[in-house]
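Trainee: For reference, the file model.cif (mmCIF, C-alpha atoms and all ligand atoms) is included below:
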```cif
data_final
#
loop_
_atom_site.label_atom_id
_atom_site.label_comp_id
_atom_site.auth_asym_id
_atom_site.auth_seq_id
_atom_site.Cartn_x
_atom_site.Cartn_y
_atom_site.Cartn_z
CA MET M 1 0.00 0.00 0.00
CA TYR M 2 0.97 3.64 -0.41
CA GLY M 3 0.62 6.14 2.39
CA TYR M 4 2.40 8.86 4.33
CA ARG M 5 5.07 8.34 6.90
CA VAL M 6 7.38 10.52 8.94
CA ASN M 7 11.04 9.60 8.45
CA ALA M 8 12.44 12.22 10.85
CA TRP M 9 10.61 13.97 13.71
CA GLY M 10 9.97 17.57 12.74
CA SER M 11 9.90 16.87 8.99
CA GLU M 12 6.93 16.69 6.61
CA PRO M 13 5.45 13.23 6.06
CA VAL M 14 6.56 11.54 2.84
CA TRP M 15 4.34 9.57 0.41
CA ASP M 16 5.86 6.12 0.09
CA GLU M 17 5.19 2.44 -0.39
CA LEU M 18 4.53 0.89 3.01
CA PRO M 19 4.37 -2.75 4.14
CA ASP M 20 0.83 -4.18 4.38
CA PRO M 21 -0.03 -4.21 8.09
CA ILE M 22 -0.93 -7.57 9.65
CA PRO M 23 -2.90 -7.71 12.92
CA GLY M 24 -1.17 -9.53 15.78
CA PRO M 25 -2.72 -10.96 18.97
CA ASN M 26 -5.68 -8.85 20.20
CA GLU M 27 -5.35 -6.47 17.27
CA VAL M 28 -7.68 -5.53 14.41
CA LEU M 29 -6.96 -4.48 10.84
CA VAL M 30 -8.84 -1.32 9.81
CA ASP M 31 -9.50 -0.13 6.26
CA VAL M 32 -9.14 3.61 6.89
CA GLU M 33 -11.95 5.73 5.41
CA ALA M 34 -10.90 9.09 6.82
CA CYS M 35 -8.55 10.72 9.31
CA SER M 36 -8.91 14.05 11.06
CA VAL M 37 -6.23 16.69 10.56
CA GLY M 38 -5.63 19.08 13.44
CA LEU M 39 -2.86 20.71 15.43
CA THR M 40 -2.27 17.59 17.54
CA VAL M 41 -1.25 15.66 14.40
CA LEU M 42 1.28 18.38 13.63
CA ASN M 43 2.54 18.27 17.23
CA CYS M 44 2.91 14.48 16.99
CA MET M 45 4.87 14.72 13.72
CA ASN M 46 7.00 17.44 15.25
CA GLY M 47 8.08 15.02 17.98
CA ASP M 48 6.41 17.04 20.75
CA LEU M 49 4.85 13.94 22.35
CA ASP M 50 7.90 11.71 21.84
CA ASN M 51 10.94 12.27 19.60
CA ASP M 52 12.70 8.94 20.06
CA PRO M 53 14.34 8.12 16.66
CA GLN M 54 13.73 4.41 17.36
CA LEU M 55 10.02 5.02 16.72
CA LEU M 56 10.68 5.96 13.08
CA PRO M 57 9.50 5.66 10.40
CA ARG M 58 5.94 6.30 11.60
CA VAL M 59 2.56 6.73 9.89
CA PRO M 60 0.94 9.73 11.63
CA GLY M 61 -2.78 10.42 12.23
CA HIS M 62 -4.53 9.44 15.45
CA GLU M 63 -8.17 10.41 14.70
CA LEU M 64 -8.84 7.68 12.19
CA ILE M 65 -12.18 6.20 11.15
CA GLY M 66 -12.52 2.99 9.21
CA ARG M 67 -14.01 -0.47 8.89
CA VAL M 68 -12.55 -3.51 10.60
CA SER M 69 -11.50 -5.91 7.84
CA GLY M 70 -9.36 -8.40 9.72
CA LEU M 71 -8.83 -9.83 13.19
CA GLY M 72 -5.67 -11.03 14.91
CA PRO M 73 -5.79 -13.99 17.31
CA GLY M 74 -7.95 -13.17 20.36
CA ALA M 75 -9.35 -9.90 18.93
CA ASP M 76 -13.01 -9.14 19.70
CA PRO M 77 -14.91 -10.88 16.85
CA SER M 78 -17.92 -8.57 17.23
CA LEU M 79 -15.80 -5.77 15.71
CA MET M 80 -15.50 -7.51 12.31
CA GLY M 81 -17.06 -5.34 9.59
CA LYS M 82 -17.89 -2.52 12.03
CA ARG M 83 -17.04 1.13 11.48
CA VAL M 84 -14.71 2.16 14.30
CA ALA M 85 -12.93 5.24 15.61
CA ALA M 86 -9.45 4.98 17.09
CA TYR M 87 -8.99 5.76 20.78
CA PHE M 88 -5.80 7.87 20.87
CA TYR M 89 -4.05 6.55 24.00
CA LEU M 90 -2.39 3.13 24.15
CA VAL M 91 -3.84 2.17 27.53
CA CYS M 92 -3.26 -1.17 29.25
CA GLY M 93 -6.91 -1.97 29.99
CA GLU M 94 -5.93 -3.77 33.19
CA CYS M 95 -4.71 -1.26 35.82
CA ASP M 96 -7.02 0.20 38.50
CA ALA M 97 -7.62 3.40 36.49
CA CYS M 98 -8.45 1.49 33.28
CA ARG M 99 -10.80 -0.87 35.14
CA ALA M 100 -12.55 2.14 36.67
CA GLY M 101 -12.99 3.69 33.20
CA ARG M 102 -10.51 6.50 33.86
CA ASP M 103 -8.47 5.62 30.79
CA PRO M 104 -6.30 8.79 30.53
CA GLN M 105 -5.00 8.01 34.04
CA CYS M 106 -3.70 4.56 32.93
CA ALA M 107 -0.71 3.56 35.07
CA ASN M 108 0.93 1.75 32.13
CA LEU M 109 0.33 4.19 29.29
CA ALA M 110 2.35 2.88 26.32
CA GLY M 111 2.05 6.02 24.20
CA TRP M 112 -0.16 7.27 21.40
CA ILE M 113 -1.56 6.20 18.05
CA GLY M 114 0.42 8.02 15.35
CA VAL M 115 3.50 8.27 17.59
CA HIS M 116 4.12 4.81 19.08
CA ARG M 117 2.05 2.90 16.50
CA ASP M 118 1.04 3.70 12.95
CA GLY M 119 -2.08 5.81 12.38
CA GLY M 120 -4.50 6.94 9.70
CA TYR M 121 -2.28 8.63 7.10
CA ALA M 122 -2.23 5.26 5.30
CA PRO M 123 -5.17 3.33 3.79
CA GLN M 124 -4.87 0.54 6.36
CA ALA M 125 -3.94 0.54 10.04
CA VAL M 126 -3.65 -2.05 12.79
CA LEU M 127 -5.10 -1.08 16.18
CA PRO M 128 -5.22 -2.88 19.51
CA SER M 129 -8.75 -4.28 19.78
CA ARG M 130 -9.43 -2.10 22.85
CA ASN M 131 -8.56 1.04 20.86
CA ALA M 132 -11.21 0.30 18.20
CA ILE M 133 -14.45 1.93 19.35
CA ALA M 134 -17.54 0.98 17.34
CA MET M 135 -19.38 3.96 15.80
CA PRO M 136 -23.10 4.26 15.01
CA GLU M 137 -23.76 2.96 11.48
CA ASN M 138 -25.66 6.12 10.49
CA LEU M 139 -22.63 8.33 11.16
CA ASP M 140 -20.84 9.51 8.01
CA PRO M 141 -17.11 8.66 8.17
CA ILE M 142 -15.98 12.25 7.49
CA ALA M 143 -18.32 13.61 10.17
CA ALA M 144 -17.04 10.87 12.50
CA THR M 145 -13.45 12.14 12.28
CA VAL M 146 -14.26 14.78 14.92
CA VAL M 147 -15.48 12.14 17.37
CA PRO M 148 -12.30 10.55 18.78
CA ASP M 149 -10.63 13.81 19.89
CA ALA M 150 -12.33 17.08 18.85
CA VAL M 151 -15.68 16.12 20.45
CA ALA M 152 -14.59 13.45 22.96
CA THR M 153 -12.11 15.85 24.61
CA PRO M 154 -14.88 18.45 25.27
CA VAL M 155 -17.16 15.72 26.64
CA HIS M 156 -14.40 14.88 29.13
CA VAL M 157 -13.95 18.57 30.02
CA ALA M 158 -17.68 18.91 30.65
CA SER M 159 -17.50 15.96 33.03
CA ARG M 160 -14.31 17.13 34.81
CA ALA M 161 -15.73 20.64 35.36
CA GLY M 162 -19.31 19.51 36.04
CA ILE M 163 -20.74 21.80 33.34
CA GLY M 164 -24.52 22.10 33.46
CA HIS M 165 -27.52 24.43 33.54
CA GLY M 166 -26.73 27.79 35.08
CA ASP M 167 -23.06 27.68 34.13
CA ARG M 168 -21.50 30.55 32.22
CA VAL M 169 -18.62 29.04 30.25
CA VAL M 170 -15.81 30.90 28.53
CA VAL M 171 -13.81 28.93 25.94
CA ILE M 172 -10.48 30.63 25.21
CA GLY M 173 -9.31 29.57 21.74
CA ALA M 174 -12.83 28.69 20.62
CA GLY M 175 -12.23 28.73 16.86
CA GLY M 176 -9.90 25.72 16.70
CA GLY M 177 -10.76 22.06 16.34
CA VAL M 178 -11.37 21.30 20.03
CA GLY M 179 -12.65 24.81 20.81
CA ILE M 180 -15.41 24.96 18.21
CA HIS M 181 -16.79 21.64 19.43
CA MET M 182 -16.27 22.58 23.10
CA VAL M 183 -18.58 25.55 22.52
CA GLN M 184 -21.29 23.19 21.26
CA VAL M 185 -20.83 20.51 23.93
CA ALA M 186 -21.04 23.09 26.75
CA ARG M 187 -24.21 24.55 25.19
CA HIS M 188 -25.66 21.06 24.83
CA TYR M 189 -25.14 20.48 28.57
CA GLY M 190 -27.12 23.65 29.30
CA ALA M 191 -24.47 26.33 29.80
CA ALA M 192 -24.39 29.85 28.38
CA VAL M 193 -21.18 30.01 26.36
CA ALA M 194 -18.80 32.71 25.19
CA GLY M 195 -16.10 31.81 22.67
CA PHE M 196 -12.89 33.85 22.62
CA ASP M 197 -10.77 34.03 19.49
CA ILE M 198 -8.86 36.53 17.37
CA ALA M 199 -9.90 35.83 13.75
CA ASP M 200 -13.05 37.33 12.22
CA ASP M 201 -14.19 34.17 10.40
CA LYS M 202 -13.70 32.07 13.54
CA LEU M 203 -15.69 34.61 15.61
CA ALA M 204 -18.48 34.51 13.01
CA GLU M 205 -18.62 30.71 13.24
CA ILE M 206 -18.73 30.86 17.07
CA GLU M 207 -21.72 33.23 16.86
CA ARG M 208 -23.44 31.07 14.27
CA LEU M 209 -23.28 28.18 16.77
CA GLY M 210 -25.25 30.21 19.32
CA ALA M 211 -22.42 31.40 21.54
CA THR M 212 -21.29 34.94 22.29
CA ALA M 213 -18.20 35.71 20.23
CA VAL M 214 -15.56 37.79 21.99
CA ARG M 215 -12.45 39.21 20.33
CA SER M 216 -9.53 38.40 22.62
CA ASP M 217 -6.42 39.86 20.96
CA ASP M 218 -5.89 41.81 24.16
CA LEU M 219 -7.40 40.05 27.16
CA GLY M 220 -6.51 43.06 29.30
CA VAL M 221 -9.47 44.95 27.84
CA VAL M 222 -11.99 42.09 28.19
CA ASP M 223 -13.96 42.77 31.37
CA PRO M 224 -15.01 39.36 32.77
CA THR M 225 -18.09 40.87 34.43
CA ARG M 226 -19.38 42.07 31.03
CA VAL M 227 -19.02 38.86 28.99
CA PHE M 228 -22.36 37.53 30.24
CA VAL M 229 -25.35 39.64 31.28
CA ASP M 230 -26.01 37.73 34.49
CA GLY M 231 -22.59 37.46 36.08
CA ALA M 232 -18.93 36.49 35.82
CA PRO M 233 -17.92 33.18 34.21
CA THR M 234 -18.35 30.06 36.33
CA VAL M 235 -16.02 28.02 34.10
CA VAL M 236 -13.07 29.10 31.95
CA ILE M 237 -11.73 26.46 29.54
CA ASP M 238 -8.22 27.47 28.52
CA LEU M 239 -7.11 26.01 25.18
CA ILE M 240 -4.35 28.60 24.72
CA GLY M 241 -2.46 28.21 27.99
CA THR M 242 -0.51 31.43 28.30
CA THR M 243 0.25 33.17 31.58
CA ALA M 244 -2.17 35.88 30.42
CA THR M 245 -5.10 33.52 29.81
CA GLN M 246 -4.55 31.70 33.10
CA ARG M 247 -4.35 34.98 35.03
CA TRP M 248 -7.45 36.36 33.29
CA ALA M 249 -9.35 33.24 34.31
CA ILE M 250 -8.32 33.34 37.98
CA ASP M 251 -9.05 37.07 38.24
CA GLY M 252 -12.33 36.85 36.35
CA LEU M 253 -14.04 33.70 37.61
CA ALA M 254 -17.16 33.97 39.75
CA THR M 255 -17.04 32.61 43.30
CA GLY M 256 -17.09 28.82 43.03
CA GLY M 257 -15.57 29.02 39.54
CA ARG M 258 -13.40 26.44 37.80
CA LEU M 259 -10.43 26.96 35.50
CA VAL M 260 -9.90 23.97 33.20
CA ALA M 261 -6.37 23.61 31.77
CA LEU M 262 -5.79 21.52 28.63
CA THR M 263 -2.47 22.67 27.22
CA THR M 264 0.87 21.02 27.95
CA PHE M 265 3.36 23.70 26.93
CA ARG M 266 6.43 23.91 29.14
CA ASP M 267 7.30 26.98 31.25
CA ARG M 268 3.83 28.54 31.26
CA ALA M 269 3.51 29.00 35.00
CA PHE M 270 1.21 31.38 36.83
CA GLU M 271 1.04 32.38 40.45
CA VAL M 272 -2.06 31.91 42.49
CA GLU M 273 -2.42 32.72 46.15
CA SER M 274 -3.93 30.09 48.39
CA ARG M 275 -6.21 32.77 49.90
CA GLU M 276 -7.62 33.53 46.39
CA LEU M 277 -8.57 29.89 45.95
CA VAL M 278 -10.02 29.67 49.46
CA PHE M 279 -11.98 32.93 49.71
CA ARG M 280 -13.64 32.38 46.34
CA GLU M 281 -13.62 28.56 46.45
CA LEU M 282 -11.93 28.41 43.05
CA ALA M 283 -10.77 25.16 41.48
CA VAL M 284 -8.00 24.62 38.93
CA ILE M 285 -8.66 21.40 37.02
CA GLY M 286 -6.45 19.59 34.53
CA SER M 287 -8.30 17.69 31.82
CA ARG M 288 -6.52 15.09 29.75
CA TYR M 289 -8.09 13.66 26.55
CA ALA M 290 -11.13 11.42 27.20
CA ASN M 291 -12.28 8.08 28.55
CA ARG M 292 -13.05 5.37 25.97
CA SER M 293 -16.73 5.52 26.96
CA GLU M 294 -16.73 9.24 26.16
CA LEU M 295 -15.96 8.44 22.49
CA ILE M 296 -19.33 6.67 22.42
CA THR M 297 -21.02 9.70 24.02
CA ALA M 298 -19.27 11.96 21.50
CA ALA M 299 -20.43 9.78 18.59
CA GLU M 300 -24.02 9.93 19.85
CA LEU M 301 -23.85 13.74 20.10
CA VAL M 302 -22.67 14.01 16.48
CA ALA M 303 -25.03 11.31 15.14
CA SER M 304 -28.04 12.97 16.80
CA GLY M 305 -27.13 16.41 15.45
CA ALA M 306 -26.62 17.88 18.93
CA VAL M 307 -23.04 18.68 17.93
CA LYS M 308 -22.33 19.75 14.36
CA PRO M 309 -18.95 18.61 13.05
CA ILE M 310 -17.01 21.68 11.93
CA ILE M 311 -14.68 20.37 9.23
CA SER M 312 -13.74 23.19 6.91
CA GLU M 313 -11.37 21.32 4.56
CA VAL M 314 -11.67 17.77 3.25
CA ARG M 315 -8.87 16.59 0.96
CA GLY M 316 -7.79 13.38 -0.69
CA PRO M 317 -4.34 11.95 0.04
CA ALA M 318 -2.71 13.92 -2.81
CA GLU M 319 -3.64 17.27 -1.23
CA VAL M 320 -3.65 16.65 2.51
CA LEU M 321 -0.43 18.61 3.10
CA ASP M 322 -2.30 21.79 2.01
CA ILE M 323 -4.38 21.45 5.18
CA HIS M 324 -1.17 21.36 7.24
CA GLU M 325 -0.18 24.76 5.78
CA ASN M 326 -3.52 26.31 6.73
CA LEU M 327 -3.27 24.84 10.23
CA GLN M 328 0.18 26.27 10.71
CA ALA M 329 -1.04 29.66 9.50
CA GLY M 330 -3.94 29.50 12.00
CA THR M 331 -6.50 30.00 9.21
CA LEU M 332 -8.33 26.66 9.46
CA ILE M 333 -11.75 26.83 11.14
CA GLY M 334 -12.37 23.70 13.21
CA ARG M 335 -10.78 20.59 11.78
CA GLY M 336 -9.57 19.33 8.41
CA ALA M 337 -9.99 15.76 7.18
CA LEU M 338 -8.07 13.35 5.00
CA ASP M 339 -10.56 11.37 2.87
CA TRP M 340 -9.15 8.00 1.74
CA ARG M 341 -12.16 7.41 -0.51
CA GLN M 342 -10.78 10.18 -2.81
CA LYS M 343 -7.94 8.35 -4.48
ZN ZN T 401 -4.21 1.00 32.41
#
```
Can you dump the structure from the file as structure tokens?
Ligand SMILES: [Zn+2]

Mentor:
Amino acid sequence: MYGYRVNAWGSEPVWDELPDPIPGPNEVLVDVEACSVGLTVLNCMNGDLDNDPQLLPRVPGHELIGRVSGLGPGADPSLMGKRVAAYFYLVCGECDACRAGRDPQCANLAGWIGVHRDGGYAPQAVLPSRNAIAMPENLDPIAATVVPDAVATPVHVASRAGIGHGDRVVVIGAGGGVGIHMVQVARHYGAAVAGFDIADDKLAEIERLGATAVRSDDLGVVDPTRVFVDGAPTVVIDLIGTTATQRWAIDGLATGGRLVALTTFRDRAFEVESRELVFRELAVIGSRYANRSELITAAELVASGAVKPIISEVRGPAEVLDIHENLQAGTLIGRGALDWRQK
């Protein structure tokens, strides 16, 4: 088969002939229909998650959708022929956290699809059986590409922060792939939502989805008490992760408010006084990816129309690198998708 692979971390993927993948014990072979293209894929290819040269060459792409076309010994036979989404984290399935359904807290995390195993930038992929999550049959494969990360991650955030009716939620960085779906998931759970971003077309999309769009080039001039008519934000979801966004959140949250952190950049520290947290009963919450069960919730939200997949560019394999350019330039609204059915 022909597909893309990364030969050096930090370099563009190269179109090349690849060996046909064969499923081993407890693995499934997937005929890839589509794969989402977002900033995390670029970060993976850049070596940000792991840059061990021993892992190369590697087929990138963690948000893959496809049909199971083969089973290794011991793989779940009920998956045969099913459309599945890939769960991103290579969890063990056996530790206390995994057994409790808290997959991102796995004690034996073995890495990530697209970094430690091959992903969806090739027409076939082999996944551990437990990483193949069956999707509803009525869900279009391109629409489904937002499920395994761009919608599942917001579902996890909503759970971590306890988002519900009466909440006033600010999403900082609301025009990107996770942000634009976070806006919708928070609204679905009953919150009033404001989406912060800096590009006009992204702000227009945020407004079209029923949220308040707020220009946030300079957070210093955004008065947190004026974002919503009925009070300061109760939740701030920070997808940008600068000292300025973190400080704005702590200063601006209502009493009882929660700051949810999702970024993993190094050296982005902020100071918070214990008395600030205590007097206003603030919480700072880290949220990491999603539980496997939350991929099923995410798929139901998309299949039912409660969350609209925002995929602004769909390209066949010959043109997928154009999407990377737009991502790097920050001009892509929501996600892009690689469509393997366009040959
Ligand atoms: Zn585990």

Trainee: Show me, as JSON lines, the residues of chain M having an atom within 8 Å of ligand ZN 401 (chain T), each with the closest atom pair and its distance in Å, using only C-alpha atoms and all ligand atoms.

Mentor:
```
{"residue": "M:Val91", "atom": "CA", "partner": "T:ZN401", "partner_atom": "ZN", "distance": 5.0}
{"residue": "M:Cys92", "atom": "CA", "partner": "T:ZN401", "partner_atom": "ZN", "distance": 3.9}
{"residue": "M:Gly93", "atom": "CA", "partner": "T:ZN401", "partner_atom": "ZN", "distance": 4.7}
{"residue": "M:Glu94", "atom": "CA", "partner": "T:ZN401", "partner_atom": "ZN", "distance": 5.1}
{"residue": "M:Cys95", "atom": "CA", "partner": "T:ZN401", "partner_atom": "ZN", "distance": 4.1}
{"residue": "M:Asp96", "atom": "CA", "partner": "T:ZN401", "partner_atom": "ZN", "distance": 6.8}
{"residue": "M:Ala97", "atom": "CA", "partner": "T:ZN401", "partner_atom": "ZN", "distance": 5.8}
{"residue": "M:Cys98", "atom": "CA", "partner": "T:ZN401", "partner_atom": "ZN", "distance": 4.4}
{"residue": "M:Arg99", "atom": "CA", "partner": "T:ZN401", "partner_atom": "ZN", "distance": 7.4}
{"residue": "M:Asp103", "atom": "CA", "partner": "T:ZN401", "partner_atom": "ZN", "distance": 6.5}
{"residue": "M:Gln105", "atom": "CA", "partner": "T:ZN401", "partner_atom": "ZN", "distance": 7.2}
{"residue": "M:Cys106", "atom": "CA", "partner": "T:ZN401", "partner_atom": "ZN", "distance": 3.6}
{"residue": "M:Ala107", "atom": "CA", "partner": "T:ZN401", "partner_atom": "ZN", "distance": 5.1}
{"residue": "M:Asn108", "atom": "CA", "partner": "T:ZN401", "partner_atom": "ZN", "distance": 5.2}
{"residue": "M:Leu109", "atom": "CA", "partner": "T:ZN401", "partner_atom": "ZN", "distance": 6.4}
```

Trainee: Identify, on the basis of all atoms listed in the file, every residue whose closest approach to Cys44 in chain M does not exceed 10 Å; exclude the query and any residue fewer than 6 positions from it along the same chain; express the result as a list in words.

Mentor: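 Everything that qualifies: Trp9, Gly10, Asp50, Asn51, Pro60, Gly61, His62, Trp112, Ile113, Gly114, Val115 and His116 of chain M.
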
Trainee: What are the nearest atom pairs, with distances in Å to one decimal, for all residues of range 173-285 of chain M that come at most 9 Å from range 162-165 of chain M, using only C-alpha atoms, set out by chain and rising residue number as JSON lines?

Mentor:
```
{"residue": "M:Ala186", "atom": "CA", "partner": "M:Ile163", "partner_atom": "CA", "distance": 6.7}
{"residue": "M:Arg187", "atom": "CA", "partner": "M:Gly164", "partner_atom": "CA", "distance": 8.6}
{"residue": "M:His188", "atom": "CA", "partner": "M:Gly164", "partner_atom": "CA", "distance": 8.8}
{"residue": "M:Tyr189", "atom": "CA", "partner": "M:Gly164", "partner_atom": "CA", "distance": 5.2}
{"residue": "M:Gly190", "atom": "CA", "partner": "M:His165", "partner_atom": "CA", "distance": 4.3}
{"residue": "M:Ala191", "atom": "CA", "partner": "M:His165", "partner_atom": "CA", "distance": 5.2}
{"residue": "M:Ala192", "atom": "CA", "partner": "M:His165", "partner_atom": "CA", "distance": 8.1}
{"residue": "M:Val235", "atom": "CA", "partner": "M:Ile163", "partner_atom": "CA", "distance": 7.8}
```

Trainee: Print the selection's residues with C-alpha atoms to a file, as an mmCIF file, keeping the file's coordinate frame.

Mentor:
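As a result, part10.cif now contains:
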```
data_model
loop_
_atom_site.group_PDB
_atom_site.id
_atom_site.type_symbol
_atom_site.label_atom_id
_atom_site.label_comp_id
_atom_site.auth_asym_id
_atom_site.auth_seq_id
_atom_site.Cartn_x
_atom_site.Cartn_y
_atom_site.Cartn_z
ATOM 1 C CA ALA M 186 -21.040 23.090 26.750
ATOM 2 C CA ARG M 187 -24.210 24.550 25.190
ATOM 3 C CA HIS M 188 -25.660 21.060 24.830
ATOM 4 C CA TYR M 189 -25.140 20.480 28.570
ATOM 5 C CA GLY M 190 -27.120 23.650 29.300
ATOM 6 C CA ALA M 191 -24.470 26.330 29.800
ATOM 7 C CA ALA M 192 -24.390 29.850 28.380
ATOM 8 C CA VAL M 235 -16.020 28.020 34.100
#
```

Trainee: Please indicate the distance in Å from CA of Thr234 in chain M to CA of Phe265 in chain M, rounded to one decimal place.

Mentor: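 Result for CA of Thr234 in chain M versus CA of Phe265 in chain M: 24.5 Å, one decimal.
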
Trainee: Quick one: residues within 9 Å of Ile206 in chain M, all atoms listed in the file, excluding same-chain residues fewer than 4 positions away - as a list of chain:residue names?

Mentor: M:Ala174, M:Gly175, M:Ile180, M:Val183, M:Ala194, M:Gly195, M:Phe196, M:Asp197, M:Asp201, M:Lys202, M:Gly210, M:Ala211, M:Thr212, M:Ala213

Trainee: Quick one: residues within 12 Å of Val155 in chain M, only C-alpha atoms counted, chain neighbours fewer than 4 positions away excluded, as number ranges by chain?

Mentor: M: 147-151, 159-164, 178-179, 181-189, 287-302, 307

Trainee: Kindly give the distance, in Å, that separates CA of Ala303 in chain M and CA of Gly286 in chain M, rounded to a single decimal.

Mentor: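 Calculated distance between CA of Ala303 in chain M and CA of Gly286 in chain M is 28.1 Å.
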
Trainee: In Å, how far is it from CA of Asn26 in chain M to CA of Leu71 in chain M?

Mentor: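 CA of Asn26 in chain M sits 7.7 Å away from CA of Leu71 in chain M.
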
Trainee: Check the smallest atom-to-atom distance from each of M:Asp31, M:Ile65, M:Ala199, M:Gly256 to Ala329 in chain M using all atoms listed in the file, then report the winner.

Mentor: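 When distances to Ala329 in chain M are compared using all atoms listed in the file, the smallest one comes from M:Ala199.
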
Trainee: Can you tell me, as a list of chain:residue names, what residues are no more than 10 Å from Trp340 in chain M when counting only C-alpha atoms, ignoring any on the same chain fewer than 2 positions away?

Mentor: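 Surrounding residues, per the criterion: M:Gly3, M:Asp31, M:Val32, M:Glu33, M:Ala34, M:Cys35, M:Gly66, M:Gly120, M:Tyr121, M:Ala122, M:Pro123, M:Gln124, M:Ile142, M:Arg315, M:Gly316, M:Pro317, M:Ala318, M:Ala337, M:Leu338, M:Gln342, M:Lys343.
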
Trainee: Could you list, as number ranges by chain, every residue within 8 Å of Pro57 in chain M, counting all atoms listed in the file and ignoring same-chain residues fewer than 4 positions away?

Mentor: M: 5-8
